[in-house]
file protein_10.cif (mmCIF, C-alpha atoms)
data_coords
loop_
_atom_site.label_atom_id
_atom_site.label_comp_id
_atom_site.auth_asym_id
_atom_site.auth_seq_id
_atom_site.Cartn_x
_atom_site.Cartn_y
_atom_site.Cartn_z
CA MET R 21 -6.17 8.59 -4.22
CA TYR R 22 -4.27 11.73 -3.21
CA TRP R 23 -1.15 9.61 -3.40
CA LEU R 24 -1.91 8.58 -7.02
CA ILE R 25 -2.58 12.21 -8.00
CA PHE R 26 0.72 13.22 -6.39
CA LEU R 27 2.60 10.53 -8.36
CA TRP R 28 0.81 11.56 -11.56
CA ILE R 29 1.84 15.22 -11.16
CA LEU R 30 5.38 14.22 -10.19
CA THR R 31 5.70 12.00 -13.27
CA ILE R 32 4.42 14.77 -15.56
CA VAL R 33 6.95 17.22 -14.12
CA ILE R 34 9.88 14.79 -14.31
CA GLU R 35 9.15 13.65 -17.86
CA PHE R 36 8.63 17.25 -18.95
CA THR R 37 12.04 18.08 -17.47
CA ILE R 38 13.66 15.26 -19.46
CA PHE R 39 11.86 16.33 -22.66
CA TRP R 40 12.97 19.92 -22.06
CA LEU R 41 16.59 18.95 -21.37
CA ILE R 42 16.77 17.09 -24.69
CA ILE R 43 14.56 19.12 -27.02
CA ARG R 44 15.06 22.63 -25.58
CA LYS R 45 12.21 24.39 -27.34
CA GLU R 46 8.49 25.06 -26.91
CA PRO R 47 8.33 24.25 -23.17
CA LEU R 48 4.54 24.70 -23.03
CA LYS R 49 4.08 22.19 -25.80
CA LEU R 50 6.44 19.76 -24.05
CA LEU R 51 4.53 20.15 -20.79
CA SER R 52 1.23 19.51 -22.60
CA VAL R 53 2.72 16.42 -24.27
CA SER R 54 3.95 15.12 -20.92
CA LEU R 55 0.51 15.77 -19.41
CA LEU R 56 -1.31 13.97 -22.23
CA ILE R 57 1.03 10.99 -22.45
CA ASN R 58 1.19 10.38 -18.71
CA SER R 59 -2.57 10.78 -18.38
CA VAL R 60 -2.89 7.74 -20.63
CA THR R 61 0.03 5.59 -19.56
CA LEU R 62 0.29 6.12 -15.79
CA PRO R 63 -3.30 5.20 -14.79
CA LEU R 64 -3.40 2.28 -17.25
CA ALA R 65 0.06 1.06 -16.21
CA THR R 66 -0.91 1.23 -12.54
CA LEU R 67 -4.15 -0.62 -13.24
CA SER R 68 -2.54 -3.29 -15.44
CA TYR R 69 0.37 -3.80 -13.04
CA HIS R 70 -2.02 -4.53 -10.20
CA TYR R 71 -4.60 -6.56 -12.16
CA LEU R 72 -2.98 -8.04 -15.28
CA PHE R 73 0.79 -8.41 -15.47
CA PHE R 74 2.05 -8.15 -11.88
CA ASN R 75 5.38 -7.55 -13.60
CA LEU R 76 7.01 -4.16 -13.20
CA LEU R 77 9.64 -4.71 -15.89
CA LEU R 78 7.10 -5.75 -18.50
CA THR R 79 4.75 -2.89 -17.57
CA GLU R 80 7.58 -0.35 -17.77
CA THR R 81 8.67 -1.72 -21.14
CA ILE R 82 5.19 -1.45 -22.60
CA VAL R 83 4.89 2.09 -21.20
CA TRP R 84 8.26 2.96 -22.79
CA LEU R 85 7.12 1.72 -26.21
CA VAL R 86 3.68 3.35 -26.03
CA GLU R 87 5.16 6.66 -24.89
CA SER R 88 7.71 6.49 -27.72
CA PHE R 89 4.86 6.06 -30.18
CA PHE R 90 2.98 9.04 -28.72
CA LEU R 91 6.13 11.17 -28.70
CA ARG R 92 6.74 10.30 -32.34
CA ILE R 93 3.23 11.51 -33.20
CA LEU R 94 2.98 14.54 -30.94
CA LEU R 95 6.49 15.94 -31.28
CA GLU R 96 6.93 14.82 -34.89
CA ILE R 97 10.35 13.31 -34.25
CA ASP R 98 11.80 10.09 -35.62
CA TYR R 99 11.32 6.79 -33.82
CA LYS R 100 14.94 6.49 -32.72
CA LYS R 101 14.85 9.85 -30.95
CA ALA R 102 11.41 9.11 -29.51
CA LEU R 103 12.62 5.79 -28.12
CA ILE R 104 15.68 7.41 -26.50
CA ILE R 105 13.71 10.31 -24.96
CA SER R 106 11.04 7.96 -23.69
CA LEU R 107 13.65 5.57 -22.30
CA LEU R 108 15.40 8.36 -20.37
CA ALA R 109 12.12 9.80 -19.11
CA ASN R 110 10.84 6.43 -17.95
CA LEU R 111 14.17 5.49 -16.39
CA ALA R 112 14.06 8.71 -14.38
CA THR R 113 10.48 8.14 -13.20
CA SER R 114 11.12 4.44 -12.50
CA VAL R 115 14.16 5.17 -10.36
CA LEU R 116 12.24 7.84 -8.49
CA GLY R 117 9.25 5.52 -8.16
CA LEU R 118 11.39 2.77 -6.63
CA PHE R 119 12.99 5.32 -4.31
CA ILE R 120 9.56 6.54 -3.17
CA LYS R 121 8.38 2.94 -2.73
CA VAL R 122 11.33 2.18 -0.48
CA LEU R 123 10.92 5.45 1.38
CA PHE R 124 7.18 5.35 1.96
CA HIS R 125 6.39 1.62 1.46
CA GLU R 126 3.70 2.59 -1.02
CA PHE R 127 2.90 0.96 -4.35
CA MET L 23 10.52 1.48 -37.73
CA ARG L 24 11.70 -1.54 -39.70
CA PRO L 25 9.91 -4.91 -39.36
CA TYR L 26 12.87 -6.72 -37.77
CA ASN L 27 12.84 -4.19 -34.93
CA PHE L 28 9.28 -5.24 -34.07
CA SER L 29 10.30 -8.88 -33.80
CA LYS L 30 13.20 -7.87 -31.52
CA ILE L 31 10.80 -5.92 -29.33
CA LEU L 32 8.42 -8.88 -29.27
CA ILE L 33 11.26 -11.18 -28.14
CA VAL L 34 12.24 -8.71 -25.40
CA LEU L 35 8.62 -8.53 -24.20
CA VAL L 36 8.34 -12.34 -24.07
CA ILE L 37 11.59 -12.57 -22.08
CA MET L 38 10.40 -9.91 -19.67
CA ALA L 39 7.07 -11.61 -19.19
CA SER L 40 8.88 -14.84 -18.40
CA ILE L 41 11.06 -13.17 -15.81
CA GLY L 42 7.94 -12.84 -13.73
CA THR L 43 7.96 -11.22 -10.38
CA ALA L 44 11.37 -12.30 -9.21
CA ALA L 45 11.94 -8.94 -7.59
CA ALA L 46 8.75 -9.08 -5.58
CA ASP L 47 9.06 -8.68 -1.84
CA ALA L 48 7.08 -10.48 0.82
CA ILE L 49 3.80 -8.93 -0.32
CA GLU L 50 2.56 -10.18 -3.67
CA PRO L 51 2.27 -7.51 -6.34
CA GLY L 52 -1.21 -6.10 -6.34
CA GLN L 53 -1.66 -6.80 -2.65
CA LYS L 54 -1.27 -4.56 0.38
CA ASN L 55 -0.99 -5.23 4.08
CA VAL L 56 -3.87 -4.14 6.27
CA PRO L 57 -2.55 -3.13 9.68
CA LEU L 58 -4.45 -4.29 12.71
CA SER L 59 -4.58 -2.62 16.10
CA TYR L 60 -6.35 -3.33 19.35
CA GLN L 61 -7.90 -1.33 22.16
CA ILE L 62 -9.15 -2.39 25.59
CA THR L 63 -12.30 -0.36 26.03
CA ASN L 64 -12.78 -0.73 29.79
CA ILE L 65 -9.22 -0.88 31.13
CA GLN L 66 -9.98 2.08 33.42
CA ASP L 67 -12.46 -0.11 35.33
CA PHE L 68 -9.55 -2.17 36.67
CA PRO L 69 -7.24 0.37 38.32
CA ASP L 70 -5.78 -2.25 40.68
CA HIS L 71 -4.20 -4.16 37.84
CA VAL L 72 -1.43 -3.56 35.34
CA PHE L 73 -2.18 -5.00 31.91
CA ILE L 74 0.79 -6.37 30.04
CA LEU L 75 1.12 -7.26 26.38
CA HIS L 76 3.54 -10.11 25.83
CA GLY L 77 4.17 -11.96 22.58
CA THR L 78 6.39 -14.11 20.45
CA PRO L 79 8.79 -12.98 19.05
CA ASN L 80 7.96 -9.59 20.60
CA PRO L 81 7.06 -7.48 22.51
CA SER L 82 8.52 -8.90 25.66
CA LEU L 83 6.79 -6.39 27.91
CA ASP L 84 4.42 -3.60 26.91
CA ILE L 85 2.26 -1.96 29.54
CA LEU L 86 -1.18 -1.26 28.14
CA ASP L 87 -3.46 1.69 28.77
CA SER L 88 -6.75 2.79 27.24
CA SER L 89 -5.16 3.81 23.96
CA GLU L 90 -4.87 1.70 20.80
CA PHE L 91 -1.92 -0.64 20.50
CA SER L 92 -0.37 -2.72 17.76
CA PHE L 93 2.68 -4.91 17.40
CA TYR L 94 4.97 -6.63 14.90
CA LYS L 95 2.93 -8.20 12.09
CA LEU L 96 4.28 -11.73 12.60
CA SER L 97 3.92 -11.73 16.38
CA ILE L 98 1.29 -13.61 18.32
CA CYS L 99 0.47 -11.80 21.56
CA SER L 100 -1.51 -12.26 24.74
CA VAL L 101 -2.67 -9.94 27.49
CA TYR L 102 -1.81 -10.58 31.14
CA ALA L 103 -3.17 -8.82 34.23
CA VAL L 104 -0.81 -8.32 37.13
CA PRO L 105 -2.06 -6.85 40.43
CA GLN L 106 -0.54 -3.41 40.90
CA THR L 107 1.02 -4.39 44.26
CA VAL L 108 2.66 -7.45 42.69
CA PHE L 109 3.85 -5.44 39.71
CA ASP L 110 5.46 -2.86 42.01
CA SER L 111 7.19 -5.53 44.10
CA VAL L 112 8.65 -7.75 41.35
CA GLN L 113 10.31 -4.92 39.37
CA MET L 114 9.56 -6.34 35.93
CA ASP L 115 11.55 -3.61 34.24
CA GLN L 116 14.70 -5.21 35.62
CA MET L 117 13.86 -8.72 34.38
CA ASP L 118 15.33 -10.15 31.20
CA GLU L 119 13.11 -11.69 28.51
CA ALA L 120 13.30 -15.22 29.90
CA GLN L 121 12.43 -14.04 33.40
CA ILE L 122 9.46 -12.04 32.08
CA GLU L 123 8.22 -15.09 30.16
CA GLU L 124 8.64 -17.31 33.23
CA PHE L 125 6.88 -14.79 35.48
CA LEU L 126 3.91 -14.18 33.17
CA LYS L 127 3.32 -17.83 32.37
CA ASN L 128 3.98 -19.47 35.72
CA ASP L 129 3.43 -17.01 38.55
CA THR L 130 0.07 -17.76 40.19
CA ARG L 131 -0.52 -14.09 40.92
CA VAL L 132 -0.64 -13.29 37.21
CA ALA L 133 -4.02 -13.58 35.49
CA SER L 134 -3.78 -14.84 31.93
CA SER L 135 -6.35 -15.36 29.20
CA ASN L 136 -6.92 -17.73 26.30
CA LEU L 137 -7.14 -14.79 23.91
CA THR L 138 -4.40 -14.71 21.27
CA MET L 139 -3.92 -11.76 18.99
CA ASP L 140 -2.40 -11.52 15.51
CA GLY L 141 -0.28 -8.59 14.47
CA ILE L 142 -1.81 -8.13 11.05
CA PHE L 143 -5.31 -8.34 9.62
CA GLY L 144 -4.01 -9.78 6.34
CA THR L 145 -3.44 -8.70 2.76
CA VAL L 146 -6.03 -7.39 0.34
CA ASN L 147 -5.94 -6.16 -3.25
CA VAL L 148 -4.49 -2.66 -3.57
CA ALA L 149 -7.74 -1.46 -5.07
CA ASP L 150 -9.58 -2.56 -1.94
CA PRO L 151 -10.46 0.61 -0.02
CA LEU L 152 -9.85 -1.14 3.32
CA GLU L 153 -7.05 0.77 5.07
CA SER L 154 -6.87 -0.63 8.58
CA ALA L 155 -8.78 -2.51 11.24
CA LEU L 156 -9.21 -2.05 14.98
CA ILE L 157 -10.37 -4.81 17.30
CA LEU L 158 -12.07 -3.68 20.51
CA LEU L 159 -11.43 -5.84 23.56
CA GLU L 160 -13.46 -5.88 26.75
CA ILE L 161 -12.33 -7.25 30.10
CA LYS L 162 -15.20 -9.29 31.49
CA SER L 163 -13.59 -10.29 34.77
CA ILE L 164 -10.36 -11.03 36.61
CA LYS L 165 -10.66 -13.93 39.01
CA ASP L 166 -7.54 -15.38 40.65
CA ASN L 167 -5.25 -16.16 37.73
CA ASN L 168 -7.94 -16.12 35.08
CA LEU L 169 -8.35 -13.05 32.91
CA ASP L 170 -11.58 -13.14 30.93
CA ILE L 171 -11.10 -10.78 28.00
CA LYS L 172 -13.18 -10.90 24.83
CA LYS L 173 -13.13 -9.41 21.37
CA THR L 174 -16.34 -7.42 21.11
CA LYS L 175 -16.16 -5.49 17.85
CA ILE L 176 -13.98 -4.88 14.84
CA ILE L 177 -13.93 -1.47 13.22
CA TYR L 178 -12.91 -1.37 9.56
CA TYR L 179 -11.48 1.92 8.26
CA TYR L 180 -11.72 2.70 4.54
CA SER L 181 -9.73 5.06 2.33
CA ASP L 182 -12.71 7.36 1.76
CA GLY L 183 -12.97 8.01 5.51
CA GLN L 184 -15.84 5.59 6.13
CA LYS L 185 -15.70 3.25 9.10
CA VAL L 186 -17.81 0.17 9.60
CA GLU L 187 -18.30 -1.58 12.94
CA LYS L 188 -19.02 -5.30 13.11
CA PRO L 189 -19.66 -7.22 16.33
CA PHE L 190 -17.88 -10.52 16.97
CA GLN L 191 -20.26 -13.49 16.91
CA SER L 192 -17.47 -15.95 17.66
CA GLU L 193 -14.07 -15.35 19.25
CA ASN L 194 -12.17 -17.18 16.52
CA GLN L 195 -13.98 -15.75 13.53
CA ILE L 196 -13.33 -12.19 12.45
CA PRO L 197 -16.50 -10.64 10.96
CA LEU L 198 -16.05 -10.22 7.21
CA HIS L 199 -15.59 -6.73 5.90
CA THR L 200 -17.91 -5.72 3.11
CA ALA L 201 -15.94 -3.35 0.99
CA PRO L 202 -17.84 -0.47 -0.55
CA GLY L 203 -17.42 -0.32 -4.34
CA PRO L 204 -14.74 1.83 -5.97
CA SER L 205 -15.31 5.51 -5.37
CA TRP L 206 -15.97 8.07 -8.10
CA ASP L 207 -12.36 9.28 -8.06
CA PHE L 208 -11.24 5.73 -8.91
CA TYR L 209 -13.28 5.84 -12.14
CA LEU L 210 -12.16 9.41 -12.81
CA TYR L 211 -8.45 8.57 -12.55
CA PHE L 212 -8.33 5.08 -14.02
CA ILE L 213 -11.02 5.35 -16.72
CA ALA L 214 -12.03 8.93 -17.58
CA LEU L 215 -8.56 10.52 -17.51
CA PRO L 216 -6.88 8.02 -19.90
CA ILE L 217 -9.86 8.12 -22.29
CA VAL L 218 -9.90 11.93 -22.45
CA ALA L 219 -6.12 12.06 -22.92
CA LEU L 220 -6.15 9.34 -25.57
CA VAL L 221 -8.96 11.04 -27.52
CA THR L 222 -7.04 14.34 -27.36
CA ILE L 223 -3.89 12.65 -28.68
CA LEU L 224 -5.88 11.04 -31.52
CA ILE L 225 -7.49 14.37 -32.44
CA LEU L 226 -4.09 16.07 -32.48
CA ALA L 227 -2.61 13.26 -34.58
CA LEU L 228 -5.47 13.34 -37.09
CA ARG L 229 -5.27 17.13 -37.31
CA ARG L 230 -1.53 16.92 -37.99
CA ARG L 231 -2.08 14.29 -40.66
CA SER L 232 -4.79 16.38 -42.41
CA HIS L 233 -2.43 19.37 -42.49
#

call {"tool": "encode", "arguments": {"input": "protein_10.cif", "output": "structure tokens"}}
result
Amino acid sequence: MYWLIFLWILTIVIEFTIFWLIIRKEPLKLLSVSLLINSVTLPLATLSYHYLFFNLLLTETIVWLVESFFLRILLEIDYKKALIISLLANLATSVLGLFIKVLFHEF
Amino acid sequence: MRPYNFSKILIVLVIMASIGTAAADAIEPGQKNVPLSYQITNIQDFPDHVFILHGTPNPSLDILDSSEFSFYKLSICSVYAVPQTVFDSVQMDQMDEAQIEEFLKNDTRVASSNLTMDGIFGTVNVADPLESALILLEIKSIKDNNLDIKKTKIIYYYSDGQKVEKPFQSENQIPLHTAPGPSWDFYLYFIALPIVALVTILILALRRRSH
């Protein structure tokens, strides 16, 4: 469980960094948004990947779309921008996730 | 977002679902390996013998002591007992793999057993709290070239720190592990956290809309 908490915090920090690099204002709000979004998507994605889909690509795609929707609502930006930000954030966390998986042989 | 974009997304999702788990490695997604180790509990009672772990494809030669040991997950291993005097005289460390195999299997001074050991316990669902297993072995006797060694207990180790001991009723049947249910932190992370976050997002969204 400590491992899942570590990944959750890491994801929040990475996605916040991506949000901050693109939006460049209200860092506290961006951190809160990252915290809220990843508190929904990361546990559910982990659960669904292991019990429902068994398909990383499909899970990541659904996470991308759901996070885009949440970003659109919470940051009040248009869908195109939300999709791009979410795509970049999820690409960054996916690449890091795969790197960690290879490095530590964890899920 | 325009309607045709939704149909594009739907098509992409269907394609991705059909791709399946092509990138999966040897372990199925959702499964994890449970490592298995062994320990001879009374090895110190036989100081006149050297106990050797030999298996296919490896290890060729591992000298055992009272500590836990494990080996490559696909190996099948056996334990051999070599009298200390014989071990000192044959210089096994200078033998190649074929010579070691020949010596352990055919030399009448070597005591061998019928016990075979697997390198891995198996795979379980990732949500299963089982982390590892340890099989305790006990040497019953060494007579001529017959080593009588038995599996006595298996100890299951769980992610919450619990350990459960189960005695072996039969040599060939590993006692089943009865997994304790998910712990409270499982429900906290996978159920409570997403619900609280989702409710917060909905409240924020509704508040924005009302403004």

call {"tool": "closest_residue", "arguments": {"input": "protein_10.cif", "among": "R:Ile105, R:Leu116, R:Val122, R:Ile38", "to": "chain L", "atoms": "only C-alpha atoms"}}
result
R:Val122

call {"tool": "resolve_selection", "arguments": {"input": "protein_10.cif", "expression": "the PyMOL selection byres ((chain R) within 8 of (chain L))", "output": "PyMOL selection string"}}
result
chain R and resi 21+56-57+59-61+63-64+67+69-71+73-78+81+90+93-94+99

call {"tool": "atom_distance", "arguments": {"input": "protein_10.cif", "atom1": "CA of Gln184 (chain L)", "atom2": "CA of Phe91 (chain L)"}}
result
21.0 Å

call {"tool": "residues_around", "arguments": {"input": "protein_10.cif", "residues": "Thr37 (chain R)", "least_positions_apart": "2", "cutoff": "12 Å", "atoms": "only C-alpha atoms", "output": "count of residues only"}}
result
27

call {"tool": "atom_distance", "arguments": {"input": "protein_10.cif", "atom1": "CA of Gly141 (chain L)", "atom2": "CA of Tyr60 (chain L)"}}
result
9.4 Å

call {"tool": "residues_around", "arguments": {"input": "protein_10.cif", "residues": "Arg131 (chain L)", "least_positions_apart": "5", "cutoff": "12 Å", "atoms": "all atoms listed in the file", "output": "ChimeraX atom specification"}}
result
/L:71-72,102-109,111-112,125-126,164-169

call {"tool": "resolve_selection", "arguments": {"input": "protein_10.cif", "expression": "the PyMOL selection byres ((chain L and resi 143) around 6)", "output": "JSON, numbers by chain"}}
result
{"L": [56, 57, 58, 142, 144]}

call {"tool": "atom_distance", "arguments": {"input": "protein_10.cif", "atom1": "CA of Thr66 (chain R)", "atom2": "CA of Lys100 (chain R)"}}
result
26.2 Å

call {"tool": "closest_residue", "arguments": {"input": "protein_10.cif", "among": "R:Glu87, R:Glu46, R:Glu80, R:Glu96", "to": "Ala65 (chain R)", "atoms": "only C-alpha atoms"}}
result
R:Glu80

call {"tool": "resolve_selection", "arguments": {"input": "protein_10.cif", "expression": "the PyMOL selection byres ((chain L and resi 78-83) around 12)", "output": "count of residues only"}}
result
38

call {"tool": "residues_around", "arguments": {"input": "protein_10.cif", "residues": "Pro189 (chain L)", "least_positions_apart": "2", "cutoff": "12 Å", "atoms": "all atoms listed in the file", "output": "JSON, numbers by chain"}}
result
{"L": [156, 157, 158, 159, 172, 173, 174, 175, 176, 177, 178, 186, 187, 191, 192, 193, 195, 196, 197, 198, 199]}

call {"tool": "closest_residue", "arguments": {"input": "protein_10.cif", "among": "L:Asn55, L:Asp110, L:Leu137, L:Lys162", "to": "Asp70 (chain L)", "atoms": "all atoms listed in the file"}}
result
L:Asp110
